[in-house]
Amino acid sequence: MGGGTSSYGEIAEAELIVLWGSNARETHPIFFHHVLKGVRKGARLYVVDPRRTSSAQWADVWLGLDVGSDIALANAMAREIIVSGLTHEGFIRNATSGFEAYRECVEKYTLERAERETGVPASVIRDAAYAYARADRAQICWTLGITEHHNAVDNVLALLNLGLLTGHVGRYGSGLNPLRGQNNVQGGGDMGAIPDRLPGFQHVENAGLRANFERAWGVSIPPKRGLHLTDMFNAMEHGELTALYVLGENPADSEADRHRALSLLGGLEFLVVQDLFYTKTAEMADVVLPAAAGWCESEGTVTNSERRVQRVRCAVPPPAGVRDDIEIIFGLARRLGHDWGEPNSEKIWDEVRRLSPMHAGMSYRRLEELGGIQWPCYDESHPGEMYLHSRLWQAPLVGPRAPFSVVEFEPPVDALDADYPIRLTTGRRLDSYNTGVQTADYHSPLRRGETLDLSPEDGARYGLSAGERVRVSSRRGSVVAPVRFDTGLRPGLAFMTVHFHDQVATNDLTIDASDPKSGTSEFKATAVRIEKSQEN
Amino acid sequence: MDIHLTAAQASAGERAAVDAELGQPESGWDGGQRNIGTDGRAAFGGHAADRHRLLPVLHAIQSRIGWISPGALNYACQRLDVPPAEAHGVASFYGMFSLAPRPAVVAHVCDDIACLTRGAASLCADLER
């Protein structure tokens with residue numbers, strides 16, 4: 001099962017909170033309120049981020065590592081915890097496997113090496129390791145700074161290792177939490193919108209699990225996992241994928257190496273887009289299916305980062321000509337020769353409950369009464385779980401051991417050299433979301449459009465003044481953007497968002513090198529060159 | 001804390017007043033000279049751990065400079081990691097602090113009832129003359 005282990009309430013009760021590759025202050029502002037509650041109660045906050053972001057400005061300690069050096073940092077912290085005797089030996093012995101191989105792996109990551117690879121002073125790394133290991137209740141929370149890399153899964157595993165090493169998982173107040181980017185990213189995964197999973201994280205390649213669904217649906221399900229987004233673009237390139245049905249996604253703007261993405265989307269035989277907005281991808285589509293707004297024109301549920309399934313209610317009917325997603329899908333099924341009857345969100349939900357054990361106890365009535373329920377919830381007497389993996393603390397252990405993973409540091413794919421000496425990293429700002437589909441039409445007093453953010457030192461080195469337009473080039477493309485100075489950056493490190501693609505197509509620069517397991521592109525690490533532009 | 005300061009800068013004297021109370025700043029992040037070699041890699045402090053030192057710092061500025069300028073308040077906030085609105089609230093609350101320039105010497109006279117019976121009114125009149 002894939003989800004954050006802890007509840008928001010536990011963040012506020014933690015003694016130590018690590019935000020690793022997360023600028024939650026701007027990108028998860030509601031979650032950050034919980035962090036601040038913790039801080040006000042005396043929790044120490046550590047922020048690991050190449051930039052000193054507005055989140056990092058709240059931190060007791062900010063660790064300004066080089067982009068993509070997270071594994072070197074995590075492994076060095078682990079080594080320091082081990083050599084200092086701060087591991088949770090009982091937990092490692094009773095509940096984990098693979099410790100010896102892991103210990104051998106991290107042995108190479110001395111503080112000196114970590115300082116060299118990450119740029120963070122050894123003393124600061126050691127302090128972070130001690131603080132994390134010694135805290136009674138410690139949380140590690142991460143976001144795209146960890147996952148938008150070519151070795152995203154390894155990055156995550158490196159953090160999970162730290163939790164296992166110190167026993168900071170499976171008990172109240174300690175946990176390991178990916179923060180989800182939208183209100184229902186978690187729910188989408190839970191419902192099987194992942195290439196290898198059926199609803200409830202049941203593996204599609206497991207014949208027994210698949211059989212339950214086949215019986216219920218009266219069809220046979222392909223026994224092999226499907227493609228993730230990056231695979232799909234590769235399949236388009238090889239001519240294996242010629243038709244695409246896109247629901248609520250805008251790959252024409254959001255894909256790394258956008259030139260390639262646009263040419264592949266343009267080469268499709270048939271493109272359907274189902275969306276609330278007329279996106280750049282919708283403009284390219286053969287058929288556009290206008291969809292209702294999920295948060296107010298639709299009945300159903302969403303699931304947030306603390307695994308809480310919550311009801312969504314239809315407050316206003318959608319405008320004429322616009323239909324709810326399930327109505328569109330039911331209609332499509334009917335046209336394809338399968339009459340599923342009238343769409344009804346509660347009936348669909350009850351089907352989920354029959355097929356996904358972790359949702360079984362969540363009737364609409366209970367979801368309403370309890371203000372949402374956190375999965376897993378196996379029956380109607382089950383209150384849901386505040387935190388996951390408590391079984392790891394049972395003696396004797398029930399179920400499989402939690403494995404340590406051997407992961408090694410690998411620098412970003414897009415290497416810096418004399419031609420491309422600046423590391424560009426991307427992210428979001430408080431008042432805008434991703435490619436701007438959901439936010440660009442709303443006014444914000446904070447919004448300043450796209451800029452190339454640089455350290456004042458680089459500004460002086462290149463002889464640039466604030467607002468001056470510069471040409472930013474990577475090995476894949478080139479854009480022109482105005483310069484803005486940010487003291488949160490150091491020389492050699494630049495920042496851009498992807499919010500304003502009509503103005504500056506940042507993803508013309510980014511690299512589509514992606515993690516083989518998650519399919520996520522390395523948006524966080526692009527090598528660029530900056531030149532004065534004639535367009536001033 | 002992500003504090004938002006105005007552009008007003010503290011004078012050398014104002015900085016010295018605050019530094020006499022708090023010691024020299026340890027990095028560019030808390031008001032010292034930016035040294036990107038170290039400041040670019042780590043920062044410490046964060047969230048008003050020194051909030052309790054706000055009053056002593058305001059006293060230090062007031063007594064050395066005679067008033068608390070916007071620049072001085074900015075510097076105090078940067079040093080202490082206290083939001084400017086909060087520091088301004090404290091500085092403007094107490095009559096002993098001034099947020100505008102004052103004469104070099106200020107006399108405070110009590111004009112409460114006990115002092116009135118002992119001639120506070122005529123003392124004030126004398127001082128004003």
# chains A, B, ... in the order shown; residues from 1 in each chain; ligands from 1
>>> interface_residues(of="chain B", to="chain A", cutoff="8 Å", atoms="only C-alpha atoms", output="PyMOL selection string")
chain B and resi 1-2+36+40-47
>>> residues_around(residues="region 472-476 of chain A", least_positions_apart="5", cutoff="12 Å", atoms="only C-alpha atoms", output="NGL selection string")
:A and (256-260 or 413-417 or 419-424 or 451-454 or 481-483 or 494-496 or 504-513 or 525-533)
>>> atom_distance(atom1="CA of Ile61 (chain B)", atom2="CA of Leu123 (chain B)")
28.9 Å
>>> select_by_dssp(residues="region 312-403 of chain A", states="strand (DSSP E)", output="PyMOL selection string")
chain A and resi 312+373-374+402-403
>>> residues_around(residues="region 373-380 of chain A", least_positions_apart="2", cutoff="6 Å", atoms="only C-alpha atoms", output="VMD selection string")
chain A and resid 307 to 309 357 to 361 382 384 to 385
>>> atom_distance(atom1="CA of Ala104 (chain B)", atom2="CA of Gly119 (chain B)")
25.5 Å
>>> select_by_dssp(residues="region 324-365 of chain A", states="alpha helix (DSSP H)", output="list in words")
Asp325, Ile326, Glu327, Ile328, Ile329, Phe330, Gly331, Leu332, Ala333, Arg334, Arg335, Ser345, Glu346, Lys347, Ile348, Trp349, Asp350, Glu351, Val352, Arg353, Arg354, Leu355, Tyr364 and Arg365 of chain A
>>> write_last_selection(atoms="N, CA, C and O atoms", output="short mmCIF file (atom, residue, chain, number, x, y, z; two decimals), in the first residue's frame")
data_model
loop_
_atom_site.label_atom_id
_atom_site.label_comp_id
_atom_site.auth_asym_id
_atom_site.auth_seq_id
_atom_site.Cartn_x
_atom_site.Cartn_y
_atom_site.Cartn_z
N ASP A 325 -17.55 13.32 -14.77
CA ASP A 325 -16.63 12.33 -15.33
C ASP A 325 -17.27 10.94 -15.44
O ASP A 325 -17.14 10.27 -16.46
N ILE A 326 -17.95 10.50 -14.36
CA ILE A 326 -18.48 9.13 -14.43
C ILE A 326 -19.61 9.03 -15.46
O ILE A 326 -19.77 8.00 -16.12
N GLU A 327 -20.33 10.14 -15.65
CA GLU A 327 -21.38 10.13 -16.66
C GLU A 327 -20.76 9.98 -18.05
O GLU A 327 -21.26 9.24 -18.90
N ILE A 328 -19.65 10.68 -18.27
CA ILE A 328 -18.96 10.59 -19.57
C ILE A 328 -18.47 9.16 -19.79
O ILE A 328 -18.65 8.57 -20.86
N ILE A 329 -17.87 8.57 -18.75
CA ILE A 329 -17.31 7.23 -18.90
C ILE A 329 -18.43 6.20 -19.10
O ILE A 329 -18.32 5.30 -19.94
N PHE A 330 -19.52 6.35 -18.37
CA PHE A 330 -20.66 5.46 -18.56
C PHE A 330 -21.20 5.59 -19.99
O PHE A 330 -21.54 4.60 -20.65
N GLY A 331 -21.31 6.85 -20.44
CA GLY A 331 -21.83 7.09 -21.80
C GLY A 331 -20.93 6.46 -22.85
O GLY A 331 -21.40 5.84 -23.81
N LEU A 332 -19.63 6.58 -22.62
CA LEU A 332 -18.65 6.01 -23.54
C LEU A 332 -18.79 4.49 -23.58
O LEU A 332 -18.79 3.87 -24.65
N ALA A 333 -18.95 3.88 -22.37
CA ALA A 333 -19.11 2.43 -22.29
C ALA A 333 -20.36 2.00 -23.08
O ALA A 333 -20.33 1.00 -23.81
N ARG A 334 -21.42 2.78 -22.93
CA ARG A 334 -22.66 2.43 -23.63
C ARG A 334 -22.43 2.43 -25.13
O ARG A 334 -22.84 1.52 -25.85
N ARG A 335 -21.76 3.47 -25.61
CA ARG A 335 -21.50 3.57 -27.06
C ARG A 335 -20.58 2.45 -27.53
O ARG A 335 -20.58 2.07 -28.70
N SER A 345 -22.72 7.58 -7.94
CA SER A 345 -21.41 7.54 -7.27
C SER A 345 -21.41 6.59 -6.08
O SER A 345 -20.42 5.91 -5.82
N GLU A 346 -22.51 6.52 -5.35
CA GLU A 346 -22.53 5.66 -4.16
C GLU A 346 -22.48 4.19 -4.57
O GLU A 346 -21.82 3.37 -3.92
N LYS A 347 -23.19 3.86 -5.67
CA LYS A 347 -23.14 2.47 -6.14
C LYS A 347 -21.72 2.09 -6.54
O LYS A 347 -21.24 1.00 -6.26
N ILE A 348 -21.05 3.02 -7.22
CA ILE A 348 -19.66 2.75 -7.63
C ILE A 348 -18.78 2.59 -6.40
O ILE A 348 -17.95 1.68 -6.30
N TRP A 349 -19.02 3.45 -5.41
CA TRP A 349 -18.22 3.38 -4.18
C TRP A 349 -18.44 2.05 -3.46
O TRP A 349 -17.50 1.44 -2.94
N ASP A 350 -19.71 1.60 -3.45
CA ASP A 350 -19.98 0.31 -2.78
C ASP A 350 -19.29 -0.84 -3.52
O ASP A 350 -18.88 -1.82 -2.90
N GLU A 351 -19.15 -0.69 -4.83
CA GLU A 351 -18.40 -1.69 -5.59
C GLU A 351 -16.92 -1.66 -5.19
O GLU A 351 -16.29 -2.70 -5.00
N VAL A 352 -16.38 -0.44 -5.02
CA VAL A 352 -15.00 -0.32 -4.53
C VAL A 352 -14.88 -1.04 -3.20
O VAL A 352 -13.93 -1.80 -2.95
N ARG A 353 -15.87 -0.84 -2.31
CA ARG A 353 -15.81 -1.43 -0.97
C ARG A 353 -15.84 -2.96 -1.03
O ARG A 353 -15.23 -3.63 -0.20
N ARG A 354 -16.56 -3.49 -2.02
CA ARG A 354 -16.62 -4.96 -2.15
C ARG A 354 -15.28 -5.52 -2.66
O ARG A 354 -14.89 -6.62 -2.31
N LEU A 355 -14.59 -4.73 -3.49
CA LEU A 355 -13.40 -5.26 -4.16
C LEU A 355 -12.08 -4.87 -3.49
O LEU A 355 -11.06 -5.51 -3.69
N TYR A 364 -20.83 5.41 2.72
CA TYR A 364 -21.09 6.85 2.65
C TYR A 364 -21.58 7.37 4.00
O TYR A 364 -21.20 8.44 4.44
N ARG A 365 -22.45 6.55 4.65
CA ARG A 365 -23.01 7.00 5.93
C ARG A 365 -21.89 7.22 6.96
O ARG A 365 -21.84 8.26 7.62
#
>>> residues_around(residues="Gln62 (chain B)", least_positions_apart="5", cutoff="7 Å", atoms="only C-alpha atoms", output="list of chain:residue names")
B:Trp67, B:Ile68, B:Phe97
>>> atom_distance(atom1="CA of Asp431 (chain A)", atom2="CA of Asp253 (chain A)")
18.3 Å
>>> residues_around(residues="region 319-323 of chain A", least_positions_apart="6", cutoff="9 Å", atoms="only C-alpha atoms", output="VMD selection string")
chain A and resid 276 289 to 292 297
>>> closest_residue(among="A:Trp217, A:Trp295, A:Tyr109, A:Phe31", to="Glu10 (chain A)", atoms="only C-alpha atoms")
A:Phe31
>>> residues_around(residues="Pro70 (chain B)", least_positions_apart="4", cutoff="10 Å", atoms="only C-alpha atoms", output="list in words")
Leu5, Thr6, Ala7, Ala8, Gln9, Ala10, Asn74, Tyr75, Ala76, Pro84, His88, Leu99 and Ala100 of chain B
>>> write_last_selection(atoms="C-alpha atoms", output="mmCIF file, in the first residue's frame")
data_model
loop_
_atom_site.group_PDB
_atom_site.id
_atom_site.type_symbol
_atom_site.label_atom_id
_atom_site.label_comp_id
_atom_site.auth_asym_id
_atom_site.auth_seq_id
_atom_site.Cartn_x
_atom_site.Cartn_y
_atom_site.Cartn_z
ATOM 1 C CA LEU B 5 11.068 43.669 5.641
ATOM 2 C CA THR B 6 10.731 47.091 4.105
ATOM 3 C CA ALA B 7 13.686 48.556 2.228
ATOM 4 C CA ALA B 8 14.687 50.793 5.158
ATOM 5 C CA GLN B 9 18.235 50.100 6.344
ATOM 6 C CA ALA B 10 19.634 50.541 9.823
ATOM 7 C CA ASN B 74 13.989 46.011 10.381
ATOM 8 C CA TYR B 75 17.409 45.100 11.673
ATOM 9 C CA ALA B 76 16.039 44.063 15.065
ATOM 10 C CA PRO B 84 8.001 43.350 11.706
ATOM 11 C CA HIS B 88 6.070 47.385 15.544
ATOM 12 C CA LEU B 99 8.875 55.592 16.497
ATOM 13 C CA ALA B 100 9.573 59.180 15.482
#
